[in-house]
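Raw my_file08.txt, compact mmCIF, C-alpha atoms:
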```txt
# COMPACT_ATOMS: atom_id res chain seq x y z
CA MET A 1 -5.48 5.89 14.76
CA TYR A 2 -6.47 8.49 12.21
CA LYS A 3 -9.85 7.39 10.86
CA VAL A 4 -10.44 10.83 9.36
CA LEU A 5 -7.31 12.37 7.86
CA PHE A 6 -8.83 15.74 7.01
CA ASN A 7 -12.00 17.42 5.81
CA ILE A 8 -12.72 19.02 2.46
CA GLY A 9 -15.57 21.47 2.67
CA GLY A 10 -17.04 19.61 5.62
CA PHE A 11 -16.68 16.26 3.85
CA PRO A 12 -14.49 13.84 5.86
CA VAL A 13 -11.72 12.01 4.02
CA TYR A 14 -11.39 8.60 5.67
CA SER A 15 -7.91 7.12 5.88
CA TYR A 16 -9.02 3.60 4.99
CA GLY A 17 -10.91 4.68 1.90
CA LEU A 18 -8.04 6.89 0.75
CA MET A 19 -5.51 4.07 1.15
CA LEU A 20 -7.75 1.72 -0.85
CA ILE A 21 -7.87 4.28 -3.65
CA ILE A 22 -4.08 4.66 -3.56
CA ALA A 23 -3.71 0.85 -3.53
CA PHE A 24 -5.94 0.59 -6.59
CA PHE A 25 -4.01 3.12 -8.68
CA VAL A 26 -0.59 1.77 -7.66
CA GLY A 27 -1.76 -1.75 -8.51
CA VAL A 28 -3.06 -0.62 -11.89
CA ALA A 29 0.22 1.18 -12.63
CA ILE A 30 2.23 -1.98 -11.89
CA ALA A 31 -0.08 -4.13 -14.03
CA ARG A 32 0.11 -1.66 -16.93
CA MET A 33 3.92 -1.83 -16.82
CA ARG A 34 3.74 -5.63 -16.98
CA ALA A 35 0.97 -5.82 -19.61
CA SER A 36 3.27 -6.30 -22.62
CA LEU A 37 4.88 -9.35 -20.96
CA TYR A 38 1.54 -11.13 -21.33
CA GLY A 39 0.48 -9.81 -24.71
CA LEU A 40 -1.94 -7.32 -23.17
CA LYS A 41 -2.46 -3.64 -23.87
CA PRO A 42 -2.25 -1.05 -21.04
CA ASP A 43 -5.76 0.14 -21.93
CA GLN A 44 -7.07 -3.37 -21.34
CA ILE A 45 -5.70 -3.18 -17.79
CA TRP A 46 -7.65 0.04 -17.18
CA ASP A 47 -10.76 -1.57 -18.61
CA VAL A 48 -10.72 -4.71 -16.48
CA SER A 49 -9.54 -2.82 -13.36
CA PHE A 50 -12.63 -0.60 -13.40
CA TRP A 51 -14.95 -3.61 -13.23
CA VAL A 52 -12.73 -5.40 -10.71
CA LEU A 53 -12.88 -2.34 -8.43
CA ILE A 54 -16.68 -2.25 -8.45
CA SER A 55 -17.09 -6.01 -8.10
CA GLY A 56 -14.38 -6.21 -5.45
CA VAL A 57 -15.97 -3.57 -3.22
CA LEU A 58 -19.37 -5.23 -3.57
CA GLY A 59 -17.90 -8.65 -2.80
CA ALA A 60 -16.01 -7.31 0.23
CA ARG A 61 -19.19 -5.68 1.56
CA ILE A 62 -21.47 -8.68 0.95
CA VAL A 63 -19.11 -11.16 2.60
CA PHE A 64 -18.61 -8.81 5.56
CA ILE A 65 -22.38 -8.56 6.04
CA LEU A 66 -22.69 -12.37 5.89
CA GLN A 67 -19.97 -12.69 8.52
CA GLU A 68 -21.78 -10.23 10.80
CA LEU A 69 -25.30 -11.29 9.79
CA PRO A 70 -26.83 -11.33 13.33
CA TYR A 71 -25.78 -7.71 13.80
CA TYR A 72 -27.16 -6.57 10.43
CA LEU A 73 -30.43 -8.41 10.94
CA LYS A 74 -30.91 -6.22 14.01
CA HIS A 75 -29.56 -3.06 12.37
CA THR A 76 -30.89 -3.17 8.82
CA ASP A 77 -30.36 0.59 8.51
CA LYS A 78 -26.60 -0.11 8.51
CA LEU A 79 -26.70 -2.41 5.49
CA PHE A 80 -25.98 0.37 3.01
CA ALA A 81 -23.86 2.56 5.29
CA LEU A 82 -20.68 1.94 3.31
CA ARG A 83 -17.71 4.05 4.38
CA PHE A 84 -14.97 1.62 3.39
CA ASP A 85 -14.83 0.26 6.96
CA GLY A 86 -17.28 -2.64 6.62
CA LEU A 87 -15.29 -4.74 4.16
CA THR A 88 -13.38 -8.02 4.21
CA SER A 89 -10.33 -8.78 2.08
CA TYR A 90 -11.32 -12.28 0.95
CA GLY A 91 -14.72 -10.99 -0.13
CA GLY A 92 -12.90 -8.41 -2.22
CA LEU A 93 -10.70 -11.07 -3.80
CA LEU A 94 -13.74 -13.21 -4.61
CA GLY A 95 -15.62 -10.28 -6.10
CA GLY A 96 -12.58 -9.27 -8.12
CA LEU A 97 -12.12 -12.81 -9.44
CA ILE A 98 -15.72 -12.89 -10.63
CA ALA A 99 -15.14 -9.64 -12.51
CA PHE A 100 -11.99 -11.05 -14.12
CA ILE A 101 -13.86 -14.17 -15.26
CA VAL A 102 -16.76 -12.21 -16.77
CA TRP A 103 -14.41 -9.72 -18.46
CA SER A 104 -12.35 -12.56 -19.90
CA LEU A 105 -15.45 -14.26 -21.31
CA VAL A 106 -16.74 -11.04 -22.86
CA THR A 107 -13.41 -9.88 -24.35
CA LYS A 108 -12.14 -13.38 -25.16
CA VAL A 109 -8.81 -12.56 -23.46
CA PRO A 110 -7.40 -15.74 -21.83
CA LEU A 111 -8.18 -15.58 -18.11
CA LEU A 112 -4.82 -16.96 -16.94
CA ARG A 113 -2.99 -14.34 -18.98
CA VAL A 114 -4.67 -11.42 -17.23
CA LEU A 115 -4.50 -13.07 -13.78
CA ASP A 116 -0.76 -13.66 -14.18
CA CYS A 117 -0.34 -10.03 -15.18
CA VAL A 118 -2.18 -8.55 -12.20
CA ALA A 119 -1.05 -11.02 -9.50
CA PRO A 120 1.99 -8.94 -8.39
CA SER A 121 -0.24 -5.86 -8.23
CA VAL A 122 -2.52 -7.55 -5.72
CA PHE A 123 0.43 -8.15 -3.38
CA ILE A 124 1.28 -4.45 -3.33
CA GLY A 125 -2.34 -3.31 -3.30
CA HIS A 126 -3.03 -5.47 -0.26
CA ALA A 127 0.10 -4.19 1.48
CA ILE A 128 -1.03 -0.58 1.01
CA GLY A 129 -4.57 -1.45 2.07
CA ARG A 130 -3.27 -2.83 5.37
CA ILE A 131 -1.75 0.57 6.11
CA GLY A 132 -5.32 1.84 5.80
CA CYS A 133 -6.33 -0.77 8.40
CA LEU A 134 -3.65 0.57 10.74
CA LEU A 135 -4.88 4.15 10.35
CA ASN A 136 -8.48 3.02 10.75
CA GLY A 137 -7.69 1.14 13.97
CA CYS A 138 -8.98 -2.26 12.82
CA CYS A 139 -7.31 -5.66 12.42
CA TYR A 140 -4.71 -4.96 15.13
CA GLY A 141 -2.89 -7.71 17.01
CA GLY A 142 -2.70 -8.82 20.62
CA HIS A 143 -0.86 -7.17 23.49
CA CYS A 144 2.71 -6.21 22.68
CA ASP A 145 5.65 -5.32 24.94
CA LEU A 146 8.00 -4.54 22.05
CA PRO A 147 9.23 -1.02 21.18
CA TRP A 148 6.93 -0.81 18.14
CA GLY A 149 3.72 -1.56 20.06
CA ILE A 150 0.85 0.80 19.21
CA HIS A 151 -2.04 2.38 21.09
CA VAL A 152 -5.53 1.29 20.03
CA HIS A 153 -8.97 2.83 20.56
CA ASP A 154 -12.24 0.92 20.70
CA ASP A 155 -15.25 1.69 18.49
CA SER A 156 -16.40 4.40 20.89
CA GLY A 157 -13.02 6.13 20.75
CA LEU A 158 -11.81 5.08 24.20
CA LEU A 159 -8.12 4.21 24.54
CA LEU A 160 -7.60 0.52 25.28
CA PRO A 161 -5.10 -0.35 28.02
CA GLY A 162 -1.57 -1.32 27.05
CA LEU A 163 0.12 -1.58 23.67
CA TYR A 164 -0.79 -3.86 20.77
CA HIS A 165 1.02 -5.49 17.86
CA PRO A 166 0.72 -3.52 14.60
CA ALA A 167 -0.33 -6.77 12.92
CA GLN A 168 -1.54 -4.83 9.89
CA ILE A 169 2.03 -3.78 9.12
CA TYR A 170 3.26 -7.34 9.59
CA ASP A 171 0.83 -8.43 6.88
CA SER A 172 2.00 -5.58 4.64
CA ILE A 173 5.60 -6.73 5.04
CA PHE A 174 4.69 -10.36 4.34
CA ASN A 175 2.94 -9.35 1.11
CA VAL A 176 5.85 -7.19 -0.04
CA VAL A 177 8.13 -10.19 0.57
CA GLY A 178 5.71 -12.33 -1.44
CA PHE A 179 5.82 -9.76 -4.26
CA VAL A 180 9.63 -9.84 -4.36
CA LEU A 181 9.84 -13.64 -4.17
CA ALA A 182 7.27 -14.07 -6.96
CA LEU A 183 9.20 -11.74 -9.28
CA LEU A 184 12.51 -13.45 -8.45
CA ILE A 185 11.02 -16.86 -9.24
CA ALA A 186 9.54 -15.46 -12.46
CA ARG A 187 13.05 -14.61 -13.68
CA ARG A 188 13.71 -18.32 -14.00
CA GLY A 189 10.72 -18.65 -16.31
CA LEU A 190 7.13 -19.47 -15.56
CA LYS A 191 4.35 -21.12 -17.46
CA SER A 192 0.85 -19.73 -17.89
CA GLY A 193 -1.00 -19.69 -14.58
CA GLN A 194 2.07 -20.07 -12.38
CA MET A 195 2.40 -16.41 -11.39
CA MET A 196 -1.21 -16.45 -10.26
CA SER A 197 -0.46 -19.68 -8.37
CA LEU A 198 2.47 -18.03 -6.60
CA PHE A 199 0.15 -15.29 -5.44
CA LEU A 200 -2.22 -17.84 -3.93
CA ILE A 201 0.68 -19.59 -2.18
CA PHE A 202 2.47 -16.56 -0.73
CA HIS A 203 -0.64 -14.53 0.07
CA GLY A 204 -2.28 -17.53 1.74
CA LEU A 205 0.82 -18.25 3.82
CA SER A 206 1.18 -14.61 4.82
CA ARG A 207 -2.38 -14.58 6.13
CA VAL A 208 -1.84 -17.80 8.07
CA ILE A 209 1.18 -16.25 9.83
CA TYR A 210 -0.42 -12.83 10.31
CA GLU A 211 -3.47 -14.34 12.00
CA PHE A 212 -1.34 -15.61 14.92
CA TRP A 213 -0.95 -12.01 16.08
CA ARG A 214 -4.66 -11.26 15.68
CA MET A 215 -5.89 -14.40 17.41
CA ASP A 216 -8.37 -13.75 20.26
CA THR A 217 -8.31 -10.01 19.60
CA THR A 218 -9.71 -9.08 16.20
CA SER A 219 -10.01 -12.51 14.58
CA ALA A 220 -12.37 -15.29 15.70
CA THR A 221 -10.89 -18.64 16.68
CA ILE A 222 -12.58 -21.96 15.91
CA GLY A 223 -13.97 -23.14 19.23
CA ALA A 224 -11.13 -23.99 21.60
CA LEU A 225 -8.67 -24.61 18.77
CA PRO A 226 -5.61 -22.31 18.48
CA ILE A 227 -6.48 -21.41 14.89
CA THR A 228 -8.85 -18.95 13.26
CA GLU A 229 -11.40 -19.30 10.50
CA ALA A 230 -9.25 -17.10 8.28
CA GLN A 231 -6.22 -19.33 8.85
CA VAL A 232 -8.10 -22.40 7.67
CA ALA A 233 -9.33 -20.58 4.57
CA SER A 234 -5.85 -19.15 3.91
CA ALA A 235 -4.16 -22.53 4.30
CA LEU A 236 -6.60 -24.02 1.79
CA ILE A 237 -5.90 -21.17 -0.64
CA ALA A 238 -2.14 -21.74 -0.30
CA LEU A 239 -2.64 -25.48 -0.86
CA VAL A 240 -4.72 -24.81 -3.98
CA GLY A 241 -1.90 -22.53 -5.17
CA VAL A 242 0.67 -25.32 -4.73
CA VAL A 243 -1.49 -27.81 -6.63
CA LEU A 244 -2.12 -25.34 -9.47
CA PHE A 245 1.57 -24.41 -9.67
CA ILE A 246 2.46 -28.08 -10.18
CA VAL A 247 -0.36 -28.67 -12.67
CA PHE A 248 0.55 -25.61 -14.75
CA ALA A 249 4.24 -26.63 -14.65
CA LYS A 250 3.30 -29.88 -16.39
CA LYS A 251 0.57 -28.69 -18.75
CA GLY A 252 0.92 -24.94 -19.11
CA SER A 253 2.51 -22.98 -21.92
CA LYS A 254 5.35 -20.49 -21.53
CA THR A 255 4.27 -16.90 -20.83
```
Will you turn the file into structure tokens for me?
Amino acid sequence: MYKVLFNIGGFPVYSYGLMLIIAFFVGVAIARMRASLYGLKPDQIWDVSFWVLISGVLGARIVFILQELPYYLKHTDKLFALRFDGLTSYGGLLGGLIAFIVWSLVTKVPLLRVLDCVAPSVFIGHAIGRIGCLLNGCCYGGHCDLPWGIHVHDDSGLLLPGLYHPAQIYDSIFNVVGFVLALLIARRGLKSGQMMSLFLIFHGLSRVIYEFWRMDTTSATIGALPITEAQVASALIALVGVVLFIVFAKKGSKT
């Protein structure tokens, strides 16, 4: 765990926040390279990305607070203590989607066109962000007796007994695989909306699998069931992606 990588003039540089910034710029760079494939200009990618960043962080923070509402009702002073460690990924995706929709309405750029363009970027951005989770010491998996097991500290800094699965890296790998598969499928030709649908499918499936390592450690299960809340949501997202992929295959236009 390296929550604070270094200090600049007494100001701590948090690993999670730094990795999110790196993820953002790498994602933007990939989307800018793909912009012409969808009739977009690189400057338009910068424009929409700025608003997606702001809306995504707000969405990630708001959803995290709602998930931990009992705690924040007792500690209202922590509501605005944002240090990039009180965020949730699906809240960020929701906030980002809202920004995309508003931007599309204002600029009159077709929403599916921009979502198809940026979908591969989200795979890579999420993969990099999970490295930030690893450095931050959050979202780790259960006990691990494999050579790559990692040490984990609790919130007070105390070392927890045993070794744990680096589940964050598993999720990074799954998303990189999703990125590669989506681009390989795209070579065969896709219709408008299908690249975005592939993201929903592969990202949703990756989260379903990844959650098995987190279960009963850093992810809440549903009662006595061997599944988590995130797995249910992820499975639904993947299912929506499958339905949309089929619908766009029948009704969409070539990108």
With a distance cut-off of 12 Å and all atoms listed in the file, select the neighbouring residues of Val106 in chain A, excluding the residue or stretch itself and same-chain residues fewer than 5 positions from it, and output the selection as a list in words. Asp47, Val48, Ala99, Phe100, Ile101 and Leu111 of chain A
Compare A:Tyr90, A:Ile169, A:Gly95, A:Pro110 by their minimum atom-to-atom distance to Ala233 in chain A, counting all atoms listed in the file, and give me the closest one.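 That would be A:Tyr90, the residue with the smallest distance to Ala233 in chain A.
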Atomic separation - CA of His165 in chain A relative to CA of Thr217 in chain A, Å: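 Those two atoms sit 10.5 Å apart.
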When you look at Met33 in chain A with a cut-off of 10 Å (counting all atoms listed in the file), what residues show up, excluding the ones that are within fewer than 5 positions of it in the same chain? I need them as an mmCIF file with C-alpha atoms, keeping the file's coordinate frame.
```cif
data_model
loop_
_atom_site.group_PDB
_atom_site.id
_atom_site.type_symbol
_atom_site.label_atom_id
_atom_site.label_comp_id
_atom_site.auth_asym_id
_atom_site.auth_seq_id
_atom_site.Cartn_x
_atom_site.Cartn_y
_atom_site.Cartn_z
ATOM 1 C CA VAL A 28 -3.060 -0.620 -11.890
ATOM 2 C CA LYS A 41 -2.460 -3.640 -23.870
ATOM 3 C CA PRO A 42 -2.250 -1.050 -21.040
ATOM 4 C CA ILE A 45 -5.700 -3.180 -17.790
ATOM 5 C CA CYS A 117 -0.340 -10.030 -15.180
#
```
What lies within 12 Å of Gly162 in chain A using all atoms listed in the file, ignoring chain neighbours under 2 positions off, as a VMD selection string? chain A and resid 141 to 146 149 to 153 159 to 160 164 to 165
Nearby residues, (-0.7, -5.3, 13.6) file frame, 10 Å, all atoms listed in the file, as a list in words: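 Protein and nucleic acid residues near the point are Arg130, Ile131, Cys133, Leu134, Gly137, Cys138, Cys139, Tyr140, Gly141, Gly142, Cys144, Trp148, Gly149, Ile150, Tyr164, His165, Pro166, Ala167, Gln168, Ile169, Tyr170, Asp171, Ser172, Tyr210, Glu211, Trp213 and Arg214 of chain A.
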Report, in Å to a single decimal, how far apart CA of His126 in chain A and CA of Ile21 in chain A are.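 We find that CA of Ile21 in chain A and CA of His126 in chain A lie 11.4 Å from each other.
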Could I see range 205-219 of chain A restored to N, CA, C and O atoms, set down as a short mmCIF file (atom, residue, chain, number, x, y, z; two decimals), keeping the file's coordinate frame?
```
data_model
loop_
_atom_site.label_atom_id
_atom_site.label_comp_id
_atom_site.auth_asym_id
_atom_site.auth_seq_id
_atom_site.Cartn_x
_atom_site.Cartn_y
_atom_site.Cartn_z
N LEU A 205 -0.10 -18.02 2.71
CA LEU A 205 0.82 -18.25 3.82
C LEU A 205 0.98 -17.02 4.68
O LEU A 205 1.07 -17.11 5.91
N SER A 206 1.03 -15.85 4.05
CA SER A 206 1.18 -14.61 4.82
C SER A 206 0.00 -14.40 5.75
O SER A 206 0.16 -13.96 6.90
N ARG A 207 -1.19 -14.75 5.29
CA ARG A 207 -2.38 -14.58 6.13
C ARG A 207 -2.39 -15.59 7.28
O ARG A 207 -2.80 -15.26 8.39
N VAL A 208 -1.92 -16.80 7.01
CA VAL A 208 -1.84 -17.80 8.07
C VAL A 208 -0.93 -17.29 9.20
O VAL A 208 -1.27 -17.38 10.39
N ILE A 209 0.22 -16.75 8.83
CA ILE A 209 1.18 -16.25 9.83
C ILE A 209 0.63 -15.02 10.54
O ILE A 209 0.68 -14.92 11.77
N TYR A 210 0.10 -14.10 9.76
CA TYR A 210 -0.42 -12.83 10.31
C TYR A 210 -1.52 -13.06 11.34
O TYR A 210 -1.61 -12.35 12.34
N GLU A 211 -2.34 -14.08 11.11
CA GLU A 211 -3.47 -14.34 12.00
C GLU A 211 -3.03 -14.73 13.42
O GLU A 211 -3.79 -14.57 14.37
N PHE A 212 -1.81 -15.24 13.58
CA PHE A 212 -1.34 -15.61 14.92
C PHE A 212 -1.27 -14.39 15.84
O PHE A 212 -1.47 -14.50 17.04
N TRP A 213 -0.98 -13.23 15.27
CA TRP A 213 -0.95 -12.01 16.08
C TRP A 213 -2.35 -11.48 16.37
O TRP A 213 -2.56 -10.82 17.37
N ARG A 214 -3.30 -11.76 15.49
CA ARG A 214 -4.66 -11.26 15.68
C ARG A 214 -5.52 -12.16 16.56
O ARG A 214 -6.55 -11.74 17.07
N MET A 215 -5.08 -13.40 16.74
CA MET A 215 -5.89 -14.40 17.41
C MET A 215 -6.41 -13.92 18.77
O MET A 215 -5.65 -13.37 19.56
N ASP A 216 -7.70 -14.12 19.01
CA ASP A 216 -8.37 -13.75 20.26
C ASP A 216 -8.51 -12.25 20.47
O ASP A 216 -8.91 -11.79 21.52
N THR A 217 -8.12 -11.45 19.48
CA THR A 217 -8.31 -10.01 19.60
C THR A 217 -9.28 -9.52 18.52
O THR A 217 -10.39 -9.13 18.81
N THR A 218 -8.84 -9.55 17.27
CA THR A 218 -9.71 -9.08 16.20
C THR A 218 -10.01 -10.16 15.17
O THR A 218 -10.48 -9.86 14.08
N SER A 219 -9.73 -11.42 15.50
CA SER A 219 -10.01 -12.51 14.58
C SER A 219 -10.56 -13.69 15.38
O SER A 219 -9.99 -14.08 16.40
#
```
